[in-house]
Amino acid sequence: MIDLKYEDQGQLQLVDREEVEDEDDCFEAIDKLIAQGINAGDIKKLQDAGIYTVNGVMMHTKKSLTSIKGLSEAKVEKICEAAEKLVNVGYVTGSDLLIKRKSVIKITTGSQALDELLGVYEGGIETLAITEAFGEFRSGKTQLAHTLCVSTQLPIHMHGGNGKVAYIDTEGTFRPDRIVPIAERFGMDAGAVLDNIIYARAYTYEHQYNLLLGLAAKMSEEPFRLLIVDSVIALFRVDFTGRGELAERQQKLAQMLSRLIKIAEEFNVAVYMTNQVIADPGGGVFISDPKKPAGGHVLAHASTIRLMLRKGKGEQRVCKIFDAPNLPEAEAIFQITPGGIADAKD
């Protein structure tokens, strides 16, 4: 087991983008398009639209690029051709992909049992993926988010991400004073930890999406390792009502989720999002309290790993792997402590 306390009680030193080795960066800076004959004015237009990397250009359709003010179809064609010379968007071998997967960082949850549930050897919330946690109120979703705000800032050798955290709050449940005891538990300076968290409160689904667009500028300049959205569905359930607006809601939700996975892959960050549950009358007579995650199939297919949280006895909570591409269905018990998420005490 990795000891999660500092040996020398030293403070984490975050490295600047310039000091990070090239192989650690998953993206090519958009400025490199200048060398391919694209003028600086057009690059500024892309940045104003929230595109700060060459990879980001390739993640947009030509139709969406031509909708950017000042970019004609001819200009977009030229930009895409230049981007293709810098980024490989074709086939790669399985061996190449395996090497690329070595850049994945797994961030500790604070509980060894929960980490082992999320990966036998070095488990945790992983980068390049969306991890969704759903459950009733008081099941530990936001407490896990607060713990991850701190553990992400631990050095890599201590099972952290050595990076900053972006927190988008749609329910008003983020508490900076909650971060202080968690930071003290990990032997970190609470003030420095809070300085490395950027926070935004979203009030509408449009505001939430615009906040995601604005993140690209920050993530291209500073070493972020975690994006938290708590919760991803709340504003959609408020802003869209009734069956008549359901199709539009799911379409807008799909666009939001597509943006999240692009952020995860473009900047090698972990995305942790919480989700609410809804009653499931058709859940079956053998289930005492049938509930299912909100968001339907759109949200189900977008999440890489889905975790179902439920209450246990006292401060204990149970986490179950609901869906994952590489993990078996299993459960782990953890506990909510003043220092955040920790292993359950018998």
# chains A, B, ... in the order shown; residues from 1 in each chain; ligands from 1
>>> residues_around(residues="Leu118 (chain A)", least_positions_apart="2", cutoff="10 Å", atoms="only C-alpha atoms", output="PyMOL selection string")
chain A and resi 106+108-109+112-116+120-126+305+307+320-321+324+326-328+330-332
>>> write_last_selection(atoms="N, CA, C and O atoms", output="compact mmCIF listing (two decimals), in the first residue's frame")
# COMPACT_ATOMS: atom_id res chain seq x y z
N LYS A 106 -3.44 7.51 -12.66
CA LYS A 106 -4.55 7.10 -11.79
C LYS A 106 -4.43 7.84 -10.46
O LYS A 106 -3.40 7.78 -9.80
N THR A 108 -5.57 8.62 -6.63
CA THR A 108 -6.15 7.92 -5.48
C THR A 108 -7.43 8.60 -4.98
O THR A 108 -7.57 9.82 -5.04
N THR A 109 -8.35 7.78 -4.51
CA THR A 109 -9.61 8.28 -3.95
C THR A 109 -9.46 8.57 -2.46
O THR A 109 -10.36 9.15 -1.85
N GLN A 112 -7.97 2.81 0.11
CA GLN A 112 -7.27 1.74 -0.59
C GLN A 112 -8.27 0.74 -1.18
O GLN A 112 -8.09 0.25 -2.30
N ALA A 113 -9.34 0.45 -0.43
CA ALA A 113 -10.35 -0.51 -0.91
C ALA A 113 -11.00 -0.01 -2.20
O ALA A 113 -11.22 -0.76 -3.15
N LEU A 114 -11.29 1.29 -2.24
CA LEU A 114 -11.92 1.89 -3.42
C LEU A 114 -10.93 1.95 -4.59
O LEU A 114 -11.30 1.69 -5.74
N ASP A 115 -9.67 2.25 -4.29
CA ASP A 115 -8.63 2.25 -5.33
C ASP A 115 -8.49 0.87 -5.96
O ASP A 115 -8.37 0.74 -7.18
N GLU A 116 -8.49 -0.17 -5.12
CA GLU A 116 -8.34 -1.54 -5.62
C GLU A 116 -9.54 -1.95 -6.46
O GLU A 116 -9.42 -2.71 -7.42
N VAL A 120 -6.66 -3.28 -10.10
CA VAL A 120 -6.02 -4.24 -9.19
C VAL A 120 -4.66 -3.73 -8.70
O VAL A 120 -4.35 -3.79 -7.52
N TYR A 121 -3.81 -3.22 -9.61
CA TYR A 121 -2.45 -2.85 -9.23
C TYR A 121 -2.37 -1.41 -8.77
O TYR A 121 -2.07 -1.12 -7.64
N GLU A 122 -2.64 -0.50 -9.69
CA GLU A 122 -2.63 0.92 -9.32
C GLU A 122 -3.97 1.49 -9.72
O GLU A 122 -4.16 1.97 -10.83
N GLY A 123 -4.91 1.43 -8.82
CA GLY A 123 -6.26 1.87 -9.13
C GLY A 123 -6.49 3.31 -8.74
O GLY A 123 -5.68 3.93 -8.08
N GLY A 124 -7.61 3.84 -9.17
CA GLY A 124 -7.98 5.22 -8.86
C GLY A 124 -8.77 5.80 -10.02
O GLY A 124 -9.10 5.11 -10.98
N ILE A 125 -9.10 7.08 -9.92
CA ILE A 125 -9.80 7.78 -10.99
C ILE A 125 -8.79 8.05 -12.09
O ILE A 125 -7.77 8.71 -11.85
N GLU A 126 -9.03 7.55 -13.30
CA GLU A 126 -8.00 7.66 -14.34
C GLU A 126 -8.22 8.81 -15.32
O GLU A 126 -9.35 9.21 -15.58
N ILE A 305 -16.48 4.87 -16.98
CA ILE A 305 -16.67 4.04 -15.78
C ILE A 305 -17.84 4.62 -15.00
O ILE A 305 -17.89 5.83 -14.73
N LEU A 307 -19.99 4.38 -11.46
CA LEU A 307 -19.96 3.89 -10.08
C LEU A 307 -21.30 4.17 -9.42
O LEU A 307 -21.82 5.28 -9.51
N LYS A 320 -20.22 0.39 -5.98
CA LYS A 320 -20.32 -0.77 -6.86
C LYS A 320 -19.95 -0.36 -8.29
O LYS A 320 -20.37 0.70 -8.76
N ILE A 321 -19.12 -1.19 -8.94
CA ILE A 321 -18.83 -0.95 -10.36
C ILE A 321 -20.09 -1.30 -11.14
O ILE A 321 -20.49 -2.45 -11.21
N ALA A 324 -18.00 -0.71 -16.66
CA ALA A 324 -16.61 -0.33 -16.96
C ALA A 324 -16.09 -1.24 -18.06
O ALA A 324 -16.45 -2.42 -18.11
N ASN A 326 -13.07 -2.37 -18.48
CA ASN A 326 -11.97 -3.27 -18.10
C ASN A 326 -12.02 -3.73 -16.64
O ASN A 326 -11.04 -4.26 -16.12
N LEU A 327 -13.16 -3.51 -15.97
CA LEU A 327 -13.25 -3.88 -14.55
C LEU A 327 -14.45 -4.81 -14.32
O LEU A 327 -15.51 -4.60 -14.91
N PRO A 328 -14.28 -5.83 -13.48
CA PRO A 328 -15.40 -6.72 -13.18
C PRO A 328 -16.41 -6.05 -12.25
O PRO A 328 -16.07 -5.10 -11.54
N ALA A 330 -18.06 -5.47 -9.06
CA ALA A 330 -17.65 -5.76 -7.68
C ALA A 330 -18.02 -4.58 -6.80
O ALA A 330 -18.43 -3.53 -7.28
N GLU A 331 -17.86 -4.77 -5.49
CA GLU A 331 -18.20 -3.72 -4.53
C GLU A 331 -17.04 -3.45 -3.58
O GLU A 331 -16.19 -4.32 -3.36
N ALA A 332 -17.02 -2.25 -3.01
CA ALA A 332 -16.05 -1.89 -1.98
C ALA A 332 -16.74 -1.00 -0.96
O ALA A 332 -17.64 -0.22 -1.31
>>> residues_around(residues="region 193-195 of chain A", least_positions_apart="2", cutoff="12 Å", atoms="only C-alpha atoms", output="NGL selection string")
:A and (11-14 or 146-154 or 162-167 or 174-184 or 186-191 or 197-199)
>>> residues_around(residues="Thr66 (chain A)", least_positions_apart="5", cutoff="10 Å", atoms="only C-alpha atoms", output="PyMOL selection string")
chain A and resi 61+71-77
>>> atom_distance(atom1="CA of Leu128 (chain A)", atom2="CA of Leu235 (chain A)")
24.9 Å
>>> select_by_dssp(residues="region 103-315 of chain A", states="strand (DSSP E or B)", output="PyMOL selection string")
chain A and resi 106-107+125-126+129-134+164-169+197-201+224-230+270-275+277-279+291-293+305-311
>>> closest_residue(among="A:Asn88, A:Thr93, A:Asn268, A:Thr337", to="Met219 (chain A)", atoms="only C-alpha atoms")
A:Asn268
>>> residues_around(residues="Lys292 (chain A)", least_positions_apart="6", cutoff="8 Å", atoms="only C-alpha atoms", output="list in words")
Val277, Ile278, Ala279 and Asp280 of chain A
>>> atom_distance(atom1="CA of Met256 (chain A)", atom2="CA of Gly242 (chain A)")
20.2 Å
>>> atom_distance(atom1="CA of Ala264 (chain A)", atom2="CA of Ile130 (chain A)")
7.3 Å
>>> residues_around(residues="Phe322 (chain A)", least_positions_apart="3", cutoff="7 Å", atoms="only C-alpha atoms", output="ChimeraX atom specification")
/A:306-308,329
>>> write_last_selection(atoms="N, CA and C atoms", output="PDB file, in the first residue's frame")
ATOM      1  N   ARG A 306     -18.788   3.762 -14.644  1.00  0.00           N
ATOM      2  CA  ARG A 306     -19.948   4.210 -13.853  1.00  0.00           C
ATOM      3  C   ARG A 306     -19.901   3.552 -12.475  1.00  0.00           C
ATOM      4  N   LEU A 307     -19.989   4.379 -11.460  1.00  0.00           N
ATOM      5  CA  LEU A 307     -19.960   3.892 -10.084  1.00  0.00           C
ATOM      6  C   LEU A 307     -21.303   4.168  -9.421  1.00  0.00           C
ATOM      7  N   MET A 308     -21.848   3.156  -8.779  1.00  0.00           N
ATOM      8  CA  MET A 308     -23.101   3.347  -8.045  1.00  0.00           C
ATOM      9  C   MET A 308     -22.773   3.418  -6.553  1.00  0.00           C
ATOM     10  N   GLU A 329     -17.632  -6.551 -12.251  1.00  0.00           N
ATOM     11  CA  GLU A 329     -18.651  -6.014 -11.346  1.00  0.00           C
ATOM     12  C   GLU A 329     -18.299  -6.445  -9.925  1.00  0.00           C
TER      13      GLU A 329
END
>>> select_by_dssp(residues="region 105-264 of chain A", states="alpha helix (DSSP H)", output="NGL selection string")
:A and (112-117 or 141-151 or 176-185 or 190-195 or 205-221 or 234-239 or 246-264)
>>> write_last_selection(atoms="C-alpha atoms", output="PDB file, in the first residue's frame")
ATOM      1  CA  GLN A 112      -7.275   1.738  -0.590  1.00  0.00           C
ATOM      2  CA  ALA A 113     -10.352  -0.510  -0.912  1.00  0.00           C
ATOM      3  CA  LEU A 114     -11.918   1.888  -3.424  1.00  0.00           C
ATOM      4  CA  ASP A 115      -8.634   2.249  -5.331  1.00  0.00           C
ATOM      5  CA  GLU A 116      -8.339  -1.542  -5.618  1.00  0.00           C
ATOM      6  CA  LEU A 117     -11.916  -1.693  -6.898  1.00  0.00           C
ATOM      7  CA  LYS A 141     -20.610  11.626  -4.336  1.00  0.00           C
ATOM      8  CA  THR A 142     -19.640  15.186  -3.398  1.00  0.00           C
ATOM      9  CA  GLN A 143     -17.415  14.003  -0.520  1.00  0.00           C
ATOM     10  CA  LEU A 144     -15.432  11.932  -3.035  1.00  0.00           C
ATOM     11  CA  ALA A 145     -15.182  15.057  -5.241  1.00  0.00           C
ATOM     12  CA  HIS A 146     -13.738  17.079  -2.335  1.00  0.00           C
ATOM     13  CA  THR A 147     -11.183  14.365  -1.538  1.00  0.00           C
ATOM     14  CA  LEU A 148     -10.127  14.163  -5.205  1.00  0.00           C
ATOM     15  CA  CYS A 149      -9.583  17.961  -5.184  1.00  0.00           C
ATOM     16  CA  VAL A 150      -6.730  17.329  -2.741  1.00  0.00           C
ATOM     17  CA  SER A 151      -5.393  13.904  -3.820  1.00  0.00           C
ATOM     18  CA  PRO A 176     -13.667  25.295   0.526  1.00  0.00           C
ATOM     19  CA  ASP A 177     -13.564  24.892   4.324  1.00  0.00           C
ATOM     20  CA  ARG A 178     -14.084  21.138   3.753  1.00  0.00           C
ATOM     21  CA  ILE A 179     -10.809  21.068   1.779  1.00  0.00           C
ATOM     22  CA  VAL A 180      -8.767  22.250   4.811  1.00  0.00           C
ATOM     23  CA  PRO A 181      -8.995  19.078   6.997  1.00  0.00           C
ATOM     24  CA  ILE A 182      -8.558  16.857   3.914  1.00  0.00           C
ATOM     25  CA  ALA A 183      -5.358  18.733   2.983  1.00  0.00           C
ATOM     26  CA  GLU A 184      -4.095  18.388   6.569  1.00  0.00           C
ATOM     27  CA  ARG A 185      -4.727  14.639   6.451  1.00  0.00           C
ATOM     28  CA  ALA A 190      -4.386  24.008   2.768  1.00  0.00           C
ATOM     29  CA  GLY A 191      -3.876  27.496   1.322  1.00  0.00           C
ATOM     30  CA  ALA A 192      -1.722  26.206  -1.531  1.00  0.00           C
ATOM     31  CA  VAL A 193      -4.203  23.389  -2.218  1.00  0.00           C
ATOM     32  CA  LEU A 194      -7.111  25.870  -2.457  1.00  0.00           C
ATOM     33  CA  ASP A 195      -5.041  28.123  -4.758  1.00  0.00           C
ATOM     34  CA  TYR A 205     -27.083  24.395 -18.896  1.00  0.00           C
ATOM     35  CA  GLU A 206     -25.807  27.019 -21.378  1.00  0.00           C
ATOM     36  CA  HIS A 207     -23.617  28.594 -18.696  1.00  0.00           C
ATOM     37  CA  GLN A 208     -22.310  25.117 -17.856  1.00  0.00           C
ATOM     38  CA  TYR A 209     -21.348  24.471 -21.501  1.00  0.00           C
ATOM     39  CA  ASN A 210     -19.688  27.892 -21.871  1.00  0.00           C
ATOM     40  CA  LEU A 211     -17.607  27.213 -18.753  1.00  0.00           C
ATOM     41  CA  LEU A 212     -16.330  24.031 -20.435  1.00  0.00           C
ATOM     42  CA  LEU A 213     -15.401  26.000 -23.564  1.00  0.00           C
ATOM     43  CA  GLY A 214     -13.432  28.481 -21.448  1.00  0.00           C
ATOM     44  CA  LEU A 215     -11.458  25.704 -19.782  1.00  0.00           C
ATOM     45  CA  ALA A 216      -9.408  24.945 -22.913  1.00  0.00           C
ATOM     46  CA  ALA A 217      -7.479  28.225 -22.540  1.00  0.00           C
ATOM     47  CA  LYS A 218      -6.534  27.436 -18.935  1.00  0.00           C
ATOM     48  CA  MET A 219      -5.687  23.781 -19.548  1.00  0.00           C
ATOM     49  CA  SER A 220      -3.407  24.606 -22.484  1.00  0.00           C
ATOM     50  CA  GLU A 221      -1.333  26.887 -20.228  1.00  0.00           C
ATOM     51  CA  ALA A 234     -29.100  18.910 -12.457  1.00  0.00           C
ATOM     52  CA  LEU A 235     -29.448  21.978 -14.713  1.00  0.00           C
ATOM     53  CA  PHE A 236     -30.792  19.928 -17.628  1.00  0.00           C
ATOM     54  CA  ARG A 237     -33.585  18.600 -15.397  1.00  0.00           C
ATOM     55  CA  VAL A 238     -34.494  22.194 -14.464  1.00  0.00           C
ATOM     56  CA  ASP A 239     -34.101  23.920 -17.856  1.00  0.00           C
ATOM     57  CA  LEU A 246     -36.925  15.545 -23.810  1.00  0.00           C
ATOM     58  CA  ALA A 247     -35.411  15.084 -27.292  1.00  0.00           C
ATOM     59  CA  GLU A 248     -33.823  18.551 -27.222  1.00  0.00           C
ATOM     60  CA  ARG A 249     -32.566  17.977 -23.675  1.00  0.00           C
ATOM     61  CA  GLN A 250     -30.848  14.718 -24.633  1.00  0.00           C
ATOM     62  CA  GLN A 251     -29.286  16.343 -27.701  1.00  0.00           C
ATOM     63  CA  LYS A 252     -27.854  19.221 -25.634  1.00  0.00           C
ATOM     64  CA  LEU A 253     -26.702  16.754 -22.960  1.00  0.00           C
ATOM     65  CA  ALA A 254     -24.931  14.693 -25.641  1.00  0.00           C
ATOM     66  CA  GLN A 255     -23.066  17.814 -26.835  1.00  0.00           C
ATOM     67  CA  MET A 256     -22.002  18.578 -23.269  1.00  0.00           C
ATOM     68  CA  LEU A 257     -20.753  15.026 -22.700  1.00  0.00           C
ATOM     69  CA  SER A 258     -18.937  15.047 -26.038  1.00  0.00           C
ATOM     70  CA  ARG A 259     -17.131  18.189 -24.890  1.00  0.00           C
ATOM     71  CA  LEU A 260     -16.158  16.470 -21.623  1.00  0.00           C
ATOM     72  CA  ILE A 261     -14.585  13.433 -23.318  1.00  0.00           C
ATOM     73  CA  LYS A 262     -12.730  15.728 -25.743  1.00  0.00           C
ATOM     74  CA  ILE A 263     -11.294  17.676 -22.789  1.00  0.00           C
ATOM     75  CA  ALA A 264     -10.240  14.397 -21.133  1.00  0.00           C
TER      76      ALA A 264
END
>>> residues_around(residues="Gly37 (chain A)", least_positions_apart="3", cutoff="12 Å", atoms="only C-alpha atoms", output="PyMOL selection string")
chain A and resi 31-34+40-43+75+78-83+85
